[in-house]
Amino acid sequence: MDLQEAQAHLANLLRVASDAFHKVPGSAVLVRYIRSSYQNDPVRSAIELVLFIFFIRYLLSPSYSTSKENYVKLTEEEIDELVDEWTPEPLVAAPTPQEEAELEKIPVIAGPTGPKSKLANGKTVTNLASYNFYNFNANEQIKDKAIQALRTYGVGPCGPPQFYGTQDVHMKTEADIASYLGTEGCIVYAHAFSTISSVIPSFCKRGDIIVADRGVNYSIRRGLEISRSSVKWYNHNDFEDLEQVMRKVVKEQAGKKLTRRFIVTEALFETTGDINDLPKLIELKEKYKFRLMLDETWSFGVLGRTGRGLTEAQNVDPSQVDMIVGSLAGPLCAGGGFCAGAKEVVEHQRVSSTAYTFSAALPAMLAVTASECINLLQSNPEILQQCRDNIRLMRAQLDPRSDWVVCTSDPENPIMILIIKPDVVHARRLTVEDQERLLQECVDEALANGVLITKLKTAPIAKHTSLKDGSYVPTPALKVCVTSGLSKKDVEKAGVTIRHAITKVMTRKTNNKLGVPTA
């Protein structure tokens, strides 16, 4: 092929390409742009062409060099050596010696839980480690109702609420709780712990503001973490600090887009046993335009003339509390939890609360048990008075008479939280670990003498570092759960046994860290 033929062939290819290009939509606009650009500024056209070519090359080139090896070659022996040396990250941290000792000494109850329980080793003990405050666990009327429900509805609903898991007994229990508390509505959950930790993220989202007491329990902390809201902490039961935090929040939000603001706290605090001041909370929430979530897990069925909780005990209209959360698994001897409030608050949770939507419904037997216990508390308020009489007897044996511990619980709280006196801690320079060890020895000594008590579980809160709360660590404590199922003589005897066990442990020479004279 000579030069003329080659030129003709090339011209033909360019003409075919030009015809194909002109058939592309928008090609005429592009041609006019290039012509006008070249006439006005040919240098710019050249630069644009270079950038276009670079862009195409960048898209087609690999993200790493293929012309050379950019890694270190290892011999087979080196590879085997590295594999042998590698150890996987542990799934969980190794238990501490204190945790191992506790796990080895967990008592196992054989048979029903009651004021007097039989352990797997055959020993019968006075059980002061159970939330069976009114001995409903042995109530024949409640047991008959539960057995009847079991025969009628079976073992479980085998489905979540709203998806063929809701039964008529669930609706009745919700209506009974709402009527008992005096709220518009109520929703029942299948698991007590998951109730508050699911209610919080149902209403609080990213960007919302939550003001919470530093002393709240672990389930609340989980809910705060899941919600991803901005959490502001105030000192435990310090309403001056609470108002300062609320005032600061309002000031920071002035002129900005309106955000939802919540106060989250407990009625009776799990870690300290003390009581909240609900009228003051209502005053502050209305003054600064906050909503209030009140966890009544430990006060529902306990406080008030008929056990309605903190609202009854402090004469507050339940409608002034936006959300009342409680448990059916404690004094009611059933299971699950609930959230009571306005109708729209309840209905919102039926479609947005994860623990409600994605869990099997509460077994019908437990729903019936909860309703029956509520009916008993309403019709027989003296049940609560019997328990409160036993609380006074137990406190008389422990708090004023013991040189080593002090009770931080409210006088009507059947869960007595006993901490080592601050002056003892200071004098002996006891660390948190020292206190945990001493209290576990007190538990073991009491059990050896026929009284079953337990220790406050502080590890979950102490190790929960995802929320910046100033590294709040609950004070190690003993838990003594009083029940009306014991006679006055049994209560006094158990109190003496616990006091003597504490004294014996604290006066051991091995536990006197600095050789300080015993009291």
# chains A, B, ... in the order shown; residues from 1 in each chain; ligands from 1
$ residues_around --residues "Gln435 of chain A" --least-positions-apart "6" --cutoff "12 Å" --atoms "only C-alpha atoms" --output "ChimeraX atom specification"
/A:98,404-405,418-422,424-426,428-429,441-442,455-456,458,474-478,505-506,511-513
$ closest_atom_pairs --of "segment 292-311 of chain A" --to "segment 376-384 of chain A" --cutoff "12 Å" --atoms "only C-alpha atoms" --output "CSV"
residue,atom,partner,partner_atom,distance
A:Phe300,CA,A:Leu377,CA,11.0
A:Gly301,CA,A:Leu377,CA,7.6
A:Val302,CA,A:Leu384,CA,7.2
A:Leu303,CA,A:Leu384,CA,8.6
A:Gly304,CA,A:Leu384,CA,8.9
A:Arg305,CA,A:Pro381,CA,6.5
A:Thr306,CA,A:Pro381,CA,5.2
A:Gly307,CA,A:Leu377,CA,6.8
A:Arg308,CA,A:Gln378,CA,8.9
A:Gly309,CA,A:Leu377,CA,11.8
$ write_last_selection --atoms "all heavy atoms" --output "compact mmCIF listing (two decimals), in the first residue's frame"
# COMPACT_ATOMS: atom_id res chain seq x y z
N PHE A 300 -42.30 -0.16 92.10
CA PHE A 300 -43.63 -0.65 91.74
C PHE A 300 -43.97 -1.88 92.58
O PHE A 300 -43.21 -2.84 92.64
CB PHE A 300 -43.67 -1.00 90.25
CG PHE A 300 -45.01 -1.51 89.79
CD1 PHE A 300 -46.08 -0.65 89.67
CD2 PHE A 300 -45.19 -2.85 89.46
CE1 PHE A 300 -47.32 -1.11 89.24
CE2 PHE A 300 -46.41 -3.32 89.03
CZ PHE A 300 -47.48 -2.44 88.92
N GLY A 301 -45.10 -1.82 93.27
CA GLY A 301 -45.48 -2.90 94.18
C GLY A 301 -44.84 -2.77 95.54
O GLY A 301 -45.01 -3.65 96.40
N VAL A 302 -44.12 -1.66 95.78
CA VAL A 302 -43.39 -1.48 97.05
C VAL A 302 -43.79 -0.20 97.76
O VAL A 302 -44.16 -0.21 98.94
CB VAL A 302 -41.86 -1.48 96.79
CG1 VAL A 302 -41.10 -1.06 98.04
CG2 VAL A 302 -41.41 -2.86 96.33
N LEU A 303 -43.73 0.93 97.06
CA LEU A 303 -44.03 2.22 97.68
C LEU A 303 -45.51 2.57 97.57
O LEU A 303 -46.20 2.10 96.66
CB LEU A 303 -43.19 3.33 97.02
CG LEU A 303 -41.67 3.21 97.15
CD1 LEU A 303 -40.99 4.37 96.44
CD2 LEU A 303 -41.24 3.17 98.62
N GLY A 304 -45.97 3.40 98.49
CA GLY A 304 -47.37 3.82 98.48
C GLY A 304 -48.24 2.91 99.33
O GLY A 304 -47.86 1.79 99.68
N ARG A 305 -49.44 3.40 99.62
CA ARG A 305 -50.34 2.63 100.49
C ARG A 305 -50.72 1.29 99.88
O ARG A 305 -50.83 0.28 100.58
CB ARG A 305 -51.60 3.45 100.78
CG ARG A 305 -52.51 2.84 101.86
CD ARG A 305 -53.77 3.65 102.06
NE ARG A 305 -54.66 3.54 100.90
CZ ARG A 305 -55.54 2.54 100.74
NH1 ARG A 305 -55.65 1.59 101.67
NH2 ARG A 305 -56.31 2.50 99.68
N THR A 306 -50.94 1.27 98.56
CA THR A 306 -51.32 0.03 97.88
C THR A 306 -50.25 -0.44 96.90
O THR A 306 -50.52 -1.27 96.04
CB THR A 306 -52.66 0.21 97.15
OG1 THR A 306 -52.53 1.27 96.19
CG2 THR A 306 -53.78 0.54 98.11
N GLY A 307 -49.04 0.10 97.01
CA GLY A 307 -47.94 -0.37 96.18
C GLY A 307 -47.90 0.20 94.78
O GLY A 307 -47.22 -0.36 93.90
N ARG A 308 -48.60 1.30 94.52
CA ARG A 308 -48.62 1.87 93.17
C ARG A 308 -47.30 2.53 92.79
O ARG A 308 -47.11 2.88 91.64
CB ARG A 308 -49.76 2.88 93.05
CG ARG A 308 -51.14 2.23 92.96
CD ARG A 308 -52.25 3.30 92.90
NE ARG A 308 -53.53 2.72 92.56
CZ ARG A 308 -54.38 2.20 93.43
NH1 ARG A 308 -54.05 2.18 94.73
NH2 ARG A 308 -55.52 1.68 93.04
N GLY A 309 -46.42 2.73 93.74
CA GLY A 309 -45.12 3.28 93.42
C GLY A 309 -44.92 4.69 93.93
O GLY A 309 -45.63 5.16 94.83
$ select_by_dssp --residues "segment 248-351 of chain A" --states "strand (DSSP E)" --output "PDB file with C-alpha atoms, in the first residue's frame"
ATOM      1  CA  ARG A 261     -35.092  16.885  75.955  1.00  0.00           C
ATOM      2  CA  PHE A 262     -35.553  14.175  78.590  1.00  0.00           C
ATOM      3  CA  ILE A 263     -34.836  13.502  82.261  1.00  0.00           C
ATOM      4  CA  VAL A 264     -34.130   9.818  82.978  1.00  0.00           C
ATOM      5  CA  THR A 265     -33.929   8.595  86.563  1.00  0.00           C
ATOM      6  CA  GLU A 266     -35.148   5.975  89.042  1.00  0.00           C
ATOM      7  CA  ARG A 291     -39.993  15.104  79.424  1.00  0.00           C
ATOM      8  CA  LEU A 292     -39.604  12.660  82.322  1.00  0.00           C
ATOM      9  CA  MET A 293     -38.863   8.924  82.123  1.00  0.00           C
ATOM     10  CA  LEU A 294     -39.191   7.354  85.567  1.00  0.00           C
ATOM     11  CA  ASP A 295     -37.918   3.828  86.175  1.00  0.00           C
ATOM     12  CA  MET A 323     -43.316   7.479  80.954  1.00  0.00           C
ATOM     13  CA  ILE A 324     -43.492   5.155  83.969  1.00  0.00           C
ATOM     14  CA  VAL A 325     -41.416   2.003  83.498  1.00  0.00           C
ATOM     15  CA  GLY A 326     -41.607  -0.937  85.862  1.00  0.00           C
ATOM     16  CA  SER A 327     -40.975  -4.631  86.385  1.00  0.00           C
ATOM     17  CA  GLY A 337     -41.887  -5.374  82.404  1.00  0.00           C
ATOM     18  CA  PHE A 338     -44.190  -2.543  81.383  1.00  0.00           C
ATOM     19  CA  CYS A 339     -44.298   1.081  80.317  1.00  0.00           C
ATOM     20  CA  ALA A 340     -47.331   3.171  81.257  1.00  0.00           C
ATOM     21  CA  GLY A 341     -48.299   6.648  80.124  1.00  0.00           C
TER      22      GLY A 341
END
$ select_by_dssp --residues "segment 172-321 of chain A" --states "helix (DSSP H, G or I)" --output "ChimeraX atom specification"
/A:172-181,192-203,218-227,239-253,278-288,310-313,318-320
$ closest_atom_pairs --of "segment 397-462 of chain A" --to "segment 103-113 of chain A" --cutoff "10 Å" --atoms "only C-alpha atoms" --output "JSON lines"
{"residue": "A:Gln440", "atom": "CA", "partner": "A:Lys105", "partner_atom": "CA", "distance": 9.8}
{"residue": "A:Val443", "atom": "CA", "partner": "A:Lys105", "partner_atom": "CA", "distance": 9.9}
{"residue": "A:Asp444", "atom": "CA", "partner": "A:Lys105", "partner_atom": "CA", "distance": 8.1}
{"residue": "A:Leu447", "atom": "CA", "partner": "A:Pro107", "partner_atom": "CA", "distance": 9.1}
{"residue": "A:Leu452", "atom": "CA", "partner": "A:Pro107", "partner_atom": "CA", "distance": 8.7}
{"residue": "A:Thr454", "atom": "CA", "partner": "A:Ile106", "partner_atom": "CA", "distance": 9.7}
$ write_last_selection --atoms "C-alpha atoms" --output "short mmCIF file (atom, residue, chain, number, x, y, z; two decimals), in the first residue's frame"
data_model
loop_
_atom_site.label_atom_id
_atom_site.label_comp_id
_atom_site.auth_asym_id
_atom_site.auth_seq_id
_atom_site.Cartn_x
_atom_site.Cartn_y
_atom_site.Cartn_z
CA GLN A 440 -18.10 -11.59 99.86
CA VAL A 443 -21.96 -13.38 102.47
CA ASP A 444 -20.10 -16.67 102.90
CA LEU A 447 -24.54 -18.60 104.59
CA LEU A 452 -28.67 -16.50 102.47
CA THR A 454 -26.12 -11.53 98.41
#
$ closest_atom_pairs --of "segment 51-168 of chain A" --to "segment 356-359 of chain A" --cutoff "12 Å" --atoms "only C-alpha atoms" --output "Markdown table"
| residue | atom | partner | partner_atom | distance |
| --- | --- | --- | --- | --- |
| A:Pro157 | CA | A:Ser359 | CA | 10.7 |
| A:Cys158 | CA | A:Ser359 | CA | 9.7 |
| A:Gly159 | CA | A:Ser359 | CA | 7.7 |
| A:Pro160 | CA | A:Ser359 | CA | 5.3 |
| A:Pro161 | CA | A:Thr357 | CA | 6.4 |
| A:Gln162 | CA | A:Thr357 | CA | 7.5 |
| A:Phe163 | CA | A:Thr357 | CA | 8.6 |
| A:Tyr164 | CA | A:Thr357 | CA | 11.6 |
| A:Gly165 | CA | A:Ser359 | CA | 9.6 |
| A:Thr166 | CA | A:Tyr356 | CA | 11.0 |
$ closest_residue --among "A:Glu252, A:Asp403, A:Glu240, A:Glu372" --to "Ile177 of chain A" --atoms "only C-alpha atoms"
A:Glu372
$ atom_distance --atom1 "atom CA of Lys504 of chain A" --atom2 "atom CA of Ser402 of chain A"
11.5 Å
$ closest_residue --among "A:Leu438, A:Ala192, A:Val496, A:Leu13" --to "Gly330 of chain A" --atoms "only C-alpha atoms"
A:Ala192
$ atom_distance --atom1 "atom CA of Trp233 of chain A" --atom2 "atom CA of Lys287 of chain A"
18.6 Å
$ atom_distance --atom1 "atom CA of Glu286 of chain A" --atom2 "atom CA of Val321 of chain A"
10.5 Å
